[in-house]
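Engineer: Below are the structure tokens for one structure; questions will follow.
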Amino acid sequence: MAKNLLIVESPAKAKTIEKILGSDFEVKSCYGHIRDLEKDEMGIDVKKGFKPRYIVPEDKQKVVKELKQLAKKSGEVWLATDEDREGEAISWHLCEVLDLDPLITKRIVFHEITKPAIKSAVDKPRTVNMNLVNAQQARRILDRIVGFELSPVLWRKMSMRGNLSAGRVQSVAVRIIVERERAINAFKAISSFKVEGFFHAKDLNGKKIIFKAEGSKKANAEDAEQFLNGCIGASYKVTDIQKKPARKSPAAPFTTSTLQQEASRKLGYGVSKTMLIAQKLYEAGHITYMRTDSVNLSDTAMQDISKQIASSYGKEYLQTRKFKNKNESAQEAHEAIRPTYMDKNQVDIADGQRLYDLIWKRTMASQMSDAELEKTVAQINISTNSEILQAEGEVMKFDGFLKVYNEGRDEEDEMEEQSTEGMLPPLVVGQSLELKELLATERYTRPQPRYTEASLVKKLEELGIGRPSTYAPTISTVLKRGYVEKRDKEGIKRDFRLLKLSENKITKVIEQENTGAEKSKLFPTDLGAVITDFLIQHFDNVMDYGFTAKIENEFDNIADGKEDWSLMLNEFYKPFKKEVEETMEKAERISGERDLGIDPVSGKKVIARMGRYGPMVQIGDSADTEDKPKFAKLKTDQSIETIVLDEALELFKLPRTLGQFENENVQVNIGRFGPYIAHDKQFYSLPKEFDPYEVTLEEATPIITEKRQAKSERTIKVFEKEKIQLLKGPYGPYIKKGLRNFPIPKEQQDNVQDLKIDEVQKMIEYAIANPSKGKRRAKK
């Protein structure tokens with residue numbers, strides 16, 4: 001009897017499921033999408049209701065051929081691709097290429113790869129849900145339209161080289177980052193003085209300890225000093241104590257976005273890394289499906305979690321609760337991300353243990369008791385004036401869920417809610433206190449922090465832009481395109497005034513505050529900012545947050561069968577196409593040009609703008625045919641929007657002559673590929689740790705000798721006239737001509753030193769004529 005053929009998306013998942021189903025099924029992988037839109041004319045027939053034209057890409061033809069052969073000899077074909085819209089679309093595409101009827105072909109879904117879940121799915125198959133397929137097609141077609149129509153506008157209107165592109169979600173994501181950066185640049189810090197008093201008191205063991213109390217902020221140094229003067233010789237007494245019980249509840253189980261955020265805060269993982277590891281955990285059967293915006297837990301899972309909590313920590317730690325989604329349009333409302341088996345603490349997935357541990361703890365904590373606290377607030381009277389100091393503290397009465405897990409916080413949340421609570425000694429009303437010192441410290445307001453990958457996902461979700469499956473690819477795209485980059489930035493060093501009252505004397509000190517470095521934040525590039533401005537000016541609908549969220553809701557309506565996908569696309573396309581045509585015809589070229597002032601030497605205008613190879617500054621007018629303008633590249637930490645005249649003029653100090661080495665001048669400059677040293681008609685890359693504007697001759701000469709030696713050690717032979725080199729590489733000898741490398745056939749690699757120029761040129765000609773022959777096969 002022929003076996004049933006079950007098709008899944010990944011080979012790892014196939015192995016796990018085949019073990020569960022046994023000998024009646026053969027489980028094979030289609031390796032994700034097996035069809036895509038044609039490239040010609042967008043692959044969409046707009047006049048025929050946006051009918052898509054699909055092809056099987058070259059890299060999937062072998063997979064499709066194998067599946068066709070297996071389908072013909074199988075008893076029945078079952079489709080078990082992922083349970084979201086993308087998975088539903090893949091099942092439909094499989095029906096199309098394998099000649100299966102989607103109305104009768106068995107389609108199964110499950111949100112965890114466990115024996116009960118798989119067996120239950122097989123017992124209750126359904127057919128392909130065409131509403132979900134149409135929602136996926138609508139997204140794919142609309143995104144293809146936006147990308148294919150907008151990208152040529154950028155190519156025409158911008159002189160910069162590179163693979164420029166625009167996208168419905170990616171361009172809005174860049175806008176969010178650009179607007180935050182501009183808000184940071186426009187932010188004006190305001191200072192105020194924070195009042196803190198430090199007092200001596202005895203703890204329960206009679207040991208003298210120090211605790212802190214805070215007073216009201218003072219607007220300026222004069223007010224702060226006046227307050228401290230008014231406290232000279234004062235006595236301090238506790239006038240009131242309030243104790244209030246407080247409770248702290250756990251967070252909901254993980255959704256895709258909250259997992260990405262928490263993995264970023266606690267593990268330092270980027271969004272793509274988190275999803276890659278989560279995918280492996282899911283396919284191995286360790287966690288439920290990792291693309292979800294539901295916080296729901298199944299009844300079976302709740303029972304499993306409750307049992308684990310009671311046995312591990314005791315019944316007093318158990319408090320079951322149901323969570324509800326804040327987002328009403330939550331799609332794919334299956335289950336939250338949780339372990340499939342709560343009694344499993346260890347997994348054998350590479351890099352998977354830390355993420356699994358995070359998921360396990362979050363799931364456990366969600367069904368544990370509230371933490372119980374006692375908050376104490378003490379009011380302290382100052383005898384010489386009417387001001388009040390306030391000391392706050394809290395005592396943990398019962399740890400509850402905090403025994404297992406405490407949710408991390410974003411930098412923005414920490415800024416908004418800075419807790420002053422700490423441990424307090426036992427205090428009583430009427431108690432006199434001994435002052436150690438009273439401080440008035442100047443503090444500065446800070447702008448909102450730059451986005452991390454995870455906090456950007458949080459913002460996109462808040463705005464209703466994108467869905468669980470789109471967050472990671474959106475961020476990867478904007479980074480790859482060079483519209484956004486991840487950088488570490490040095491913190492702000494700023495002087496502040498400290499006024500101290502101690503032993504009835506006021507001391508004034510100027511100290512320095514360092515806010516600390518920003519780690520792996522998202523910075524918009526000048527390219528990203530310039531393109532964002534252009535798109536907002538000419539395609540305000542596409543770039544509007546509300547409009548983008550509305551489109552997402554329409555996809556949801558299509559998935560629910562409430563809206564026709566071709567009518568929705570038509571409503572979008574007509575005004576959009578008109579905007580594209582008008583922009584292509586009338587819009588000026590994009591330069592992001594900004595006037596900086598006048599060069600004091602030449603009297604010519606200095607501007608910052610986008611050039612062919614990136615952001616640059618220019619002295620003089622490009623239209624001046626007699627006196628050509630001068631150009632200089634911006635440093636990596638400089639921007640068209642923030643650079644000032646003095647900084648721009650500094651850039652024209654290159655090339656710099658550092659002195660002589662071996663009777664030849666040593667120069668440093670910046671080229672297309674970055675800073676370099678020029679010496680004796682040779683060029684050497686300047687390492688990143690050296691600034692081309694500050695590097696000295698003493699620092700440059702060792703670089704020349706080291707790189708020259710390294711070059712000579714890898715040089716086998718040089719044909720000077722033809723400018724061809726035979727070099728040693730990590731994978732064996734090769735030919736270098738100009739900037740291109742060419743392979744040397746294996747049978748001739750042992751006698752490279754003896755090769756003649758005509759033999760080498762034939763190898764180059766053969767490699768050019770047969771480009772695929774020289775490529776190394778990628779490891780699978």
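All residue names refer to the structure tokens as shown: chains lettered A, B, ... in order, residues numbered from 1 in each chain, ligands numbered from 1 in order.
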If we count only C-alpha atoms and set the cut-off at 9 Å, which residues sit around Ile380 (chain A), ignoring sequence neighbours fewer than 6 positions away in its own chain? Please answer as a list in words.
Structural biologist: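 Listing them by chain and then by number gives Ala213, Tyr236, Lys237, Val238, Thr239, Asp240, Glu387, Ile388, Leu389, Gln390, Ala391 and Leu433 of chain A.
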Engineer: Would you output that residue set with N, CA, C and O atoms, as a compact mmCIF listing (two decimals), in the first residue's frame?
Structural biologist:
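Below is the file that was written, result32.txt:
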# COMPACT_ATOMS: atom_id res chain seq x y z
N ALA A 213 16.56 60.62 51.54
CA ALA A 213 15.24 61.25 51.39
C ALA A 213 15.38 62.34 50.33
O ALA A 213 16.45 62.91 50.15
N TYR A 236 16.08 67.75 62.15
CA TYR A 236 15.22 66.99 61.24
C TYR A 236 14.43 65.95 62.03
O TYR A 236 14.99 65.25 62.88
N LYS A 237 13.13 65.89 61.76
CA LYS A 237 12.27 65.01 62.54
C LYS A 237 11.25 64.33 61.62
O LYS A 237 10.73 64.95 60.69
N VAL A 238 11.00 63.04 61.91
CA VAL A 238 9.99 62.29 61.16
C VAL A 238 8.61 62.76 61.63
O VAL A 238 8.28 62.67 62.82
N THR A 239 7.80 63.28 60.69
CA THR A 239 6.47 63.80 61.07
C THR A 239 5.33 62.90 60.65
O THR A 239 4.23 63.02 61.17
N ASP A 240 5.58 61.99 59.71
CA ASP A 240 4.49 61.13 59.26
C ASP A 240 5.07 59.88 58.61
O ASP A 240 6.11 59.95 57.91
N GLU A 387 9.95 73.38 54.01
CA GLU A 387 10.15 72.28 53.05
C GLU A 387 10.00 70.93 53.75
O GLU A 387 10.26 70.79 54.95
N ILE A 388 9.62 69.93 52.98
CA ILE A 388 9.49 68.56 53.47
C ILE A 388 10.39 67.66 52.63
O ILE A 388 10.45 67.78 51.41
N LEU A 389 11.09 66.77 53.30
CA LEU A 389 11.84 65.73 52.60
C LEU A 389 11.06 64.43 52.71
O LEU A 389 10.40 64.16 53.72
N GLN A 390 11.15 63.60 51.67
CA GLN A 390 10.37 62.36 51.66
C GLN A 390 11.28 61.16 51.37
O GLN A 390 12.04 61.17 50.40
N ALA A 391 11.20 60.16 52.24
CA ALA A 391 11.95 58.92 52.05
C ALA A 391 10.98 57.81 51.69
O ALA A 391 9.92 57.67 52.32
N LEU A 433 16.37 62.84 63.54
CA LEU A 433 17.34 62.21 62.62
C LEU A 433 18.63 63.02 62.56
O LEU A 433 18.61 64.26 62.64
Engineer: Write out as a PyMOL selection string which residues come within 12 Å of Arg740 (chain A) when counting only C-alpha atoms, dropping same-chain ones fewer than 3 positions away.
Structural biologist: chain A and resi 723-725+734-737+743+764+767-768
Engineer: Let's have the selection written as a PDB file, in the first residue's frame, with all heavy atoms.
Structural biologist:
ATOM      1  N   LYS A 723      49.800  44.351 -15.552  1.00  0.00           N
ATOM      2  CA  LYS A 723      49.176  44.635 -14.240  1.00  0.00           C
ATOM      3  C   LYS A 723      48.367  43.434 -13.740  1.00  0.00           C
ATOM      4  O   LYS A 723      47.218  43.537 -13.320  1.00  0.00           O
ATOM      5  CB  LYS A 723      48.292  45.886 -14.320  1.00  0.00           C
ATOM      6  CG  LYS A 723      49.089  47.150 -14.618  1.00  0.00           C
ATOM      7  CD  LYS A 723      48.209  48.378 -14.646  1.00  0.00           C
ATOM      8  CE  LYS A 723      49.046  49.620 -14.940  1.00  0.00           C
ATOM      9  NZ  LYS A 723      48.238  50.846 -15.018  1.00  0.00           N
ATOM     10  N   ILE A 724      49.014  42.279 -13.821  1.00  0.00           N
ATOM     11  CA  ILE A 724      48.414  41.022 -13.365  1.00  0.00           C
ATOM     12  C   ILE A 724      49.314  40.424 -12.280  1.00  0.00           C
ATOM     13  O   ILE A 724      50.546  40.425 -12.402  1.00  0.00           O
ATOM     14  CB  ILE A 724      48.242  40.016 -14.521  1.00  0.00           C
ATOM     15  CG1 ILE A 724      47.224  40.552 -15.539  1.00  0.00           C
ATOM     16  CG2 ILE A 724      47.818  38.642 -14.009  1.00  0.00           C
ATOM     17  CD1 ILE A 724      47.106  39.708 -16.792  1.00  0.00           C
ATOM     18  N   GLN A 725      48.691  39.915 -11.202  1.00  0.00           N
ATOM     19  CA  GLN A 725      49.435  39.289 -10.111  1.00  0.00           C
ATOM     20  C   GLN A 725      48.944  37.866  -9.889  1.00  0.00           C
ATOM     21  O   GLN A 725      47.758  37.578 -10.061  1.00  0.00           O
ATOM     22  CB  GLN A 725      49.242  40.050  -8.802  1.00  0.00           C
ATOM     23  CG  GLN A 725      49.656  41.510  -8.844  1.00  0.00           C
ATOM     24  CD  GLN A 725      49.277  42.207  -7.545  1.00  0.00           C
ATOM     25  OE1 GLN A 725      49.908  42.000  -6.507  1.00  0.00           O
ATOM     26  NE2 GLN A 725      48.236  43.027  -7.596  1.00  0.00           N
ATOM     27  N   TYR A 734      45.598  32.205  -6.836  1.00  0.00           N
ATOM     28  CA  TYR A 734      44.607  32.765  -7.750  1.00  0.00           C
ATOM     29  C   TYR A 734      45.227  33.931  -8.506  1.00  0.00           C
ATOM     30  O   TYR A 734      46.318  34.414  -8.184  1.00  0.00           O
ATOM     31  CB  TYR A 734      43.356  33.213  -6.991  1.00  0.00           C
ATOM     32  CG  TYR A 734      43.571  34.372  -6.037  1.00  0.00           C
ATOM     33  CD1 TYR A 734      43.292  35.689  -6.425  1.00  0.00           C
ATOM     34  CD2 TYR A 734      44.060  34.164  -4.746  1.00  0.00           C
ATOM     35  CE1 TYR A 734      43.488  36.750  -5.554  1.00  0.00           C
ATOM     36  CE2 TYR A 734      44.270  35.211  -3.873  1.00  0.00           C
ATOM     37  CZ  TYR A 734      43.977  36.512  -4.276  1.00  0.00           C
ATOM     38  OH  TYR A 734      44.188  37.569  -3.424  1.00  0.00           O
ATOM     39  N   ILE A 735      44.487  34.396  -9.536  1.00  0.00           N
ATOM     40  CA  ILE A 735      44.952  35.506 -10.383  1.00  0.00           C
ATOM     41  C   ILE A 735      44.214  36.769  -9.969  1.00  0.00           C
ATOM     42  O   ILE A 735      43.008  36.732  -9.735  1.00  0.00           O
ATOM     43  CB  ILE A 735      44.659  35.202 -11.869  1.00  0.00           C
ATOM     44  CG1 ILE A 735      45.309  33.882 -12.294  1.00  0.00           C
ATOM     45  CG2 ILE A 735      45.120  36.355 -12.759  1.00  0.00           C
ATOM     46  CD1 ILE A 735      44.745  33.311 -13.591  1.00  0.00           C
ATOM     47  N   LYS A 736      44.941  37.892  -9.921  1.00  0.00           N
ATOM     48  CA  LYS A 736      44.303  39.176  -9.655  1.00  0.00           C
ATOM     49  C   LYS A 736      44.640  40.131 -10.792  1.00  0.00           C
ATOM     50  O   LYS A 736      45.804  40.380 -11.086  1.00  0.00           O
ATOM     51  CB  LYS A 736      44.783  39.754  -8.324  1.00  0.00           C
ATOM     52  CG  LYS A 736      44.036  41.038  -7.917  1.00  0.00           C
ATOM     53  CD  LYS A 736      44.456  41.494  -6.535  1.00  0.00           C
ATOM     54  CE  LYS A 736      43.641  42.682  -6.059  1.00  0.00           C
ATOM     55  NZ  LYS A 736      42.258  42.326  -5.773  1.00  0.00           N
ATOM     56  N   LYS A 737      43.592  40.677 -11.417  1.00  0.00           N
ATOM     57  CA  LYS A 737      43.773  41.681 -12.453  1.00  0.00           C
ATOM     58  C   LYS A 737      42.849  42.846 -12.133  1.00  0.00           C
ATOM     59  O   LYS A 737      41.631  42.707 -12.131  1.00  0.00           O
ATOM     60  CB  LYS A 737      43.427  41.124 -13.845  1.00  0.00           C
ATOM     61  CG  LYS A 737      43.666  42.142 -14.966  1.00  0.00           C
ATOM     62  CD  LYS A 737      43.393  41.556 -16.339  1.00  0.00           C
ATOM     63  CE  LYS A 737      43.682  42.596 -17.429  1.00  0.00           C
ATOM     64  NZ  LYS A 737      43.398  42.080 -18.782  1.00  0.00           N
ATOM     65  N   PRO A 743      40.163  32.256 -10.951  1.00  0.00           N
ATOM     66  CA  PRO A 743      40.729  30.999 -10.434  1.00  0.00           C
ATOM     67  C   PRO A 743      41.842  30.448 -11.321  1.00  0.00           C
ATOM     68  O   PRO A 743      41.919  30.742 -12.518  1.00  0.00           O
ATOM     69  CB  PRO A 743      39.510  30.072 -10.434  1.00  0.00           C
ATOM     70  CG  PRO A 743      38.659  30.567 -11.554  1.00  0.00           C
ATOM     71  CD  PRO A 743      38.834  32.064 -11.568  1.00  0.00           C
ATOM     72  N   ILE A 764      42.151  33.708 -17.628  1.00  0.00           N
ATOM     73  CA  ILE A 764      41.241  34.839 -17.380  1.00  0.00           C
ATOM     74  C   ILE A 764      40.114  34.825 -18.402  1.00  0.00           C
ATOM     75  O   ILE A 764      38.932  34.971 -18.062  1.00  0.00           O
ATOM     76  CB  ILE A 764      42.007  36.179 -17.429  1.00  0.00           C
ATOM     77  CG1 ILE A 764      42.984  36.273 -16.250  1.00  0.00           C
ATOM     78  CG2 ILE A 764      41.036  37.366 -17.401  1.00  0.00           C
ATOM     79  CD1 ILE A 764      43.926  37.466 -16.311  1.00  0.00           C
ATOM     80  N   ALA A 767      37.679  32.029 -17.643  1.00  0.00           N
ATOM     81  CA  ALA A 767      36.866  32.328 -16.449  1.00  0.00           C
ATOM     82  C   ALA A 767      35.762  33.334 -16.772  1.00  0.00           C
ATOM     83  O   ALA A 767      34.633  33.225 -16.276  1.00  0.00           O
ATOM     84  CB  ALA A 767      37.754  32.853 -15.336  1.00  0.00           C
ATOM     85  N   ILE A 768      36.085  34.343 -17.636  1.00  0.00           N
ATOM     86  CA  ILE A 768      35.076  35.345 -18.018  1.00  0.00           C
ATOM     87  C   ILE A 768      33.973  34.706 -18.864  1.00  0.00           C
ATOM     88  O   ILE A 768      32.790  34.996 -18.705  1.00  0.00           O
ATOM     89  CB  ILE A 768      35.740  36.523 -18.778  1.00  0.00           C
ATOM     90  CG1 ILE A 768      36.635  37.325 -17.804  1.00  0.00           C
ATOM     91  CG2 ILE A 768      34.703  37.432 -19.408  1.00  0.00           C
ATOM     92  CD1 ILE A 768      37.509  38.364 -18.480  1.00  0.00           C
TER      93      ILE A 768
END
Engineer: Rank A:Leu727, A:Leu6, A:Leu435, A:Val128 by their smallest atom-to-atom distance to Asp24 (chain A), using only C-alpha atoms, and report the top residue only.
Structural biologist: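 For Asp24 (chain A), the nearest of the given residues is A:Leu6.
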Engineer: I need the residues of region 424-673 of chain A that end up classed as helix (DSSP H, G or I) by DSSP on the backbone, written out as number ranges by chain.
Structural biologist: A: 453-463, 471-480, 526-538, 540-543, 545-559, 565-586, 645-653
Engineer: Run DSSP on the backbone and give me the residues of region 172-405 of chain A it puts in strand (DSSP E), as an MDAnalysis selection string.
Structural biologist: chainID A and resid 191:202 208:214 236:248 371:382 388:398
Engineer: Taking only C-alpha atoms into account, produce a table as a tab-separated table in which each residue of region 562-604 of chain A with an atom at most 12 Å from an atom of region 519-538 of chain A appears once, together with its shortest atom pair and the distance in Å to one decimal, ordered by chain and rising number.
Structural biologist:
residue	atom	partner	partner_atom	distance
A:Phe576	CA	A:His538	CA	10.3
A:Lys577	CA	A:His538	CA	11.9
A:Lys578	CA	A:His538	CA	11.0
A:Glu579	CA	A:His538	CA	7.2
A:Val580	CA	A:His538	CA	8.3
A:Glu581	CA	A:His538	CA	10.7
A:Glu582	CA	A:His538	CA	8.9
A:Thr583	CA	A:His538	CA	6.6
A:Met584	CA	A:His538	CA	10.0
A:Glu585	CA	A:His538	CA	11.8
A:Lys586	CA	A:His538	CA	10.2
A:Ala587	CA	A:His538	CA	8.1
A:Glu588	CA	A:Phe534	CA	9.6
A:Arg589	CA	A:Phe534	CA	9.4
A:Ile590	CA	A:Phe534	CA	7.1
A:Ser591	CA	A:Val530	CA	7.3
A:Gly592	CA	A:Val530	CA	5.5
A:Glu593	CA	A:Val530	CA	9.2
A:Arg594	CA	A:Val530	CA	11.2
Engineer: Need the shell around Ala263 (chain A): protein/DNA/RNA residues with any atom at most 8 Å away, counting only C-alpha atoms. Skip same-chain ones fewer than 6 positions apart. Format as a ChimeraX atom specification?
Structural biologist: /A:269-270,274,355,358
Engineer: Which of these residues is nearest to Leu5 (chain A), using only C-alpha atoms: A:Lys48, A:Arg107, A:Tyr54, A:Leu154?
Structural biologist: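 Using only C-alpha atoms, the shortest distance to Leu5 (chain A) belongs to A:Arg107.
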Engineer: Using only C-alpha atoms, which protein or nucleic acid residues come within 8 Å of Gly408 (chain A)? Drop anything in the same chain fewer than 4 positions from it, and give the result as a short mmCIF file (atom, residue, chain, number, x, y, z; two decimals) with all heavy atoms, in the first residue's frame.
Structural biologist:
data_model
loop_
_atom_site.label_atom_id
_atom_site.label_comp_id
_atom_site.auth_asym_id
_atom_site.auth_seq_id
_atom_site.Cartn_x
_atom_site.Cartn_y
_atom_site.Cartn_z
N GLU A 262 12.28 41.26 24.69
CA GLU A 262 12.91 40.74 25.91
C GLU A 262 14.24 40.06 25.60
O GLU A 262 15.19 40.15 26.39
CB GLU A 262 11.95 39.79 26.61
CG GLU A 262 12.32 39.48 28.05
CD GLU A 262 12.08 40.62 29.03
OE1 GLU A 262 12.04 41.79 28.59
OE2 GLU A 262 11.96 40.36 30.22
N ARG A 265 16.69 42.88 25.38
CA ARG A 265 17.05 43.46 26.68
C ARG A 265 17.93 42.53 27.50
O ARG A 265 18.92 42.95 28.08
CB ARG A 265 15.79 43.76 27.50
CG ARG A 265 14.82 44.75 26.91
CD ARG A 265 13.64 44.92 27.87
NE ARG A 265 12.50 45.57 27.25
CZ ARG A 265 11.30 45.02 27.10
NH1 ARG A 265 11.08 43.80 27.53
NH2 ARG A 265 10.32 45.69 26.54
N LYS A 266 17.54 41.26 27.55
CA LYS A 266 18.19 40.35 28.50
C LYS A 266 19.33 39.52 27.89
O LYS A 266 20.25 39.14 28.60
CB LYS A 266 17.14 39.41 29.11
CG LYS A 266 16.19 40.14 30.04
CD LYS A 266 15.42 39.20 30.94
CE LYS A 266 14.70 39.98 32.03
NZ LYS A 266 13.94 39.12 32.94
#
Engineer: Could you check which of A:Glu694, A:Tyr341, A:Val484, A:Gly732 is closest to Arg175 (chain A), using only C-alpha atoms?
Structural biologist: A:Val484
Engineer: Go through A:Tyr573, A:Phe211, A:Tyr451, A:Tyr282 and flag the residue nearest Phe110 (chain A), using only C-alpha atoms for the distances.
Structural biologist: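 The closest residue to Phe110 (chain A) is A:Tyr282.
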Engineer: With only C-alpha atoms as the counted atoms, please give the residues lying no more than 6 Å from region 194-208 of chain A, apart from itself and same-chain residues fewer than 3 positions off, as a PyMOL selection string.
Structural biologist: chain A and resi 211-215+217+425+434-441
Engineer: I'd like to know which of A:Gln242, A:Lys315, A:Lys344, A:Leu259 is closest to Gln379 (chain A), using only C-alpha atoms.
Structural biologist: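 Closest to Gln379 (chain A) of all the choices is A:Gln242.
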Engineer: Name the residues in contact with Phe572 (chain A) at a cut-off of 10 Å, using only C-alpha atoms, excluding same-chain residues fewer than 5 positions from it; report them as a PyMOL selection string.
Structural biologist: chain A and resi 142+541-542+551+566-567+577
Engineer: Do a neighbour search on Leu686 (chain A) at 8 Å with only C-alpha atoms, toss out local chain neighbours closer than 6 positions, and write the hits as a count of residues only.
Structural biologist: 6
Engineer: Let me make sure I understand: among A:Gly561, A:Gly393, A:Pro250, A:Gly546, which one has the smallest atom-to-atom distance to Leu132 (chain A) if we use only C-alpha atoms?
Structural biologist: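 With only C-alpha atoms as the atom set, the closest residue is A:Gly561.
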Engineer: If you take only C-alpha atoms and a cut-off of 8 Å, which residues of region 385-461 of chain A touch region 180-191 of chain A, and what are their nearest atom pairs and distances in Å to one decimal, in chain and number order, as a Markdown table?
Structural biologist:
| residue | atom | partner | partner_atom | distance |
| --- | --- | --- | --- | --- |
| A:Glu442 | CA | A:Ser191 | CA | 6.3 |
| A:Arg443 | CA | A:Ser191 | CA | 5.4 |
| A:Tyr444 | CA | A:Ser191 | CA | 4.4 |
| A:Thr445 | CA | A:Ala189 | CA | 5.2 |
| A:Arg446 | CA | A:Ala189 | CA | 6.3 |
| A:Pro447 | CA | A:Ile184 | CA | 5.6 |
| A:Gln448 | CA | A:Ile184 | CA | 6.9 |
| A:Pro449 | CA | A:Ile184 | CA | 7.8 |
| A:Arg450 | CA | A:Arg180 | CA | 6.6 |
| A:Tyr451 | CA | A:Arg180 | CA | 7.9 |
Engineer: Can you spit out the residues from that selection as an mmCIF file, in the first residue's frame, using N, CA and C atoms?
Structural biologist:
data_model
loop_
_atom_site.group_PDB
_atom_site.id
_atom_site.type_symbol
_atom_site.label_atom_id
_atom_site.label_comp_id
_atom_site.auth_asym_id
_atom_site.auth_seq_id
_atom_site.Cartn_x
_atom_site.Cartn_y
_atom_site.Cartn_z
ATOM 1 N N GLU A 442 22.937 69.360 40.166
ATOM 2 C CA GLU A 442 22.399 69.780 38.878
ATOM 3 C C GLU A 442 22.196 68.565 37.981
ATOM 4 N N ARG A 443 21.004 68.442 37.414
ATOM 5 C CA ARG A 443 20.681 67.350 36.506
ATOM 6 C C ARG A 443 20.094 67.921 35.222
ATOM 7 N N TYR A 444 20.334 67.238 34.135
ATOM 8 C CA TYR A 444 19.858 67.705 32.825
ATOM 9 C C TYR A 444 18.799 66.761 32.269
ATOM 10 N N THR A 445 17.781 67.347 31.647
ATOM 11 C CA THR A 445 16.802 66.525 30.944
ATOM 12 C C THR A 445 17.472 65.869 29.738
ATOM 13 N N ARG A 446 16.969 64.713 29.367
ATOM 14 C CA ARG A 446 17.561 63.985 28.242
ATOM 15 C C ARG A 446 16.494 63.721 27.183
ATOM 16 N N PRO A 447 16.915 63.646 25.934
ATOM 17 C CA PRO A 447 15.943 63.322 24.881
ATOM 18 C C PRO A 447 15.570 61.847 24.968
ATOM 19 N N GLN A 448 14.511 61.481 24.250
ATOM 20 C CA GLN A 448 14.184 60.057 24.161
ATOM 21 C C GLN A 448 15.348 59.318 23.515
ATOM 22 N N PRO A 449 15.598 58.096 23.930
ATOM 23 C CA PRO A 449 16.742 57.356 23.368
ATOM 24 C C PRO A 449 16.478 56.919 21.941
ATOM 25 N N ARG A 450 17.570 56.605 21.239
ATOM 26 C CA ARG A 450 17.418 56.043 19.897
ATOM 27 C C ARG A 450 16.809 54.646 20.008
ATOM 28 N N TYR A 451 16.218 54.222 18.914
ATOM 29 C CA TYR A 451 15.586 52.905 18.902
ATOM 30 C C TYR A 451 16.635 51.796 18.859
#
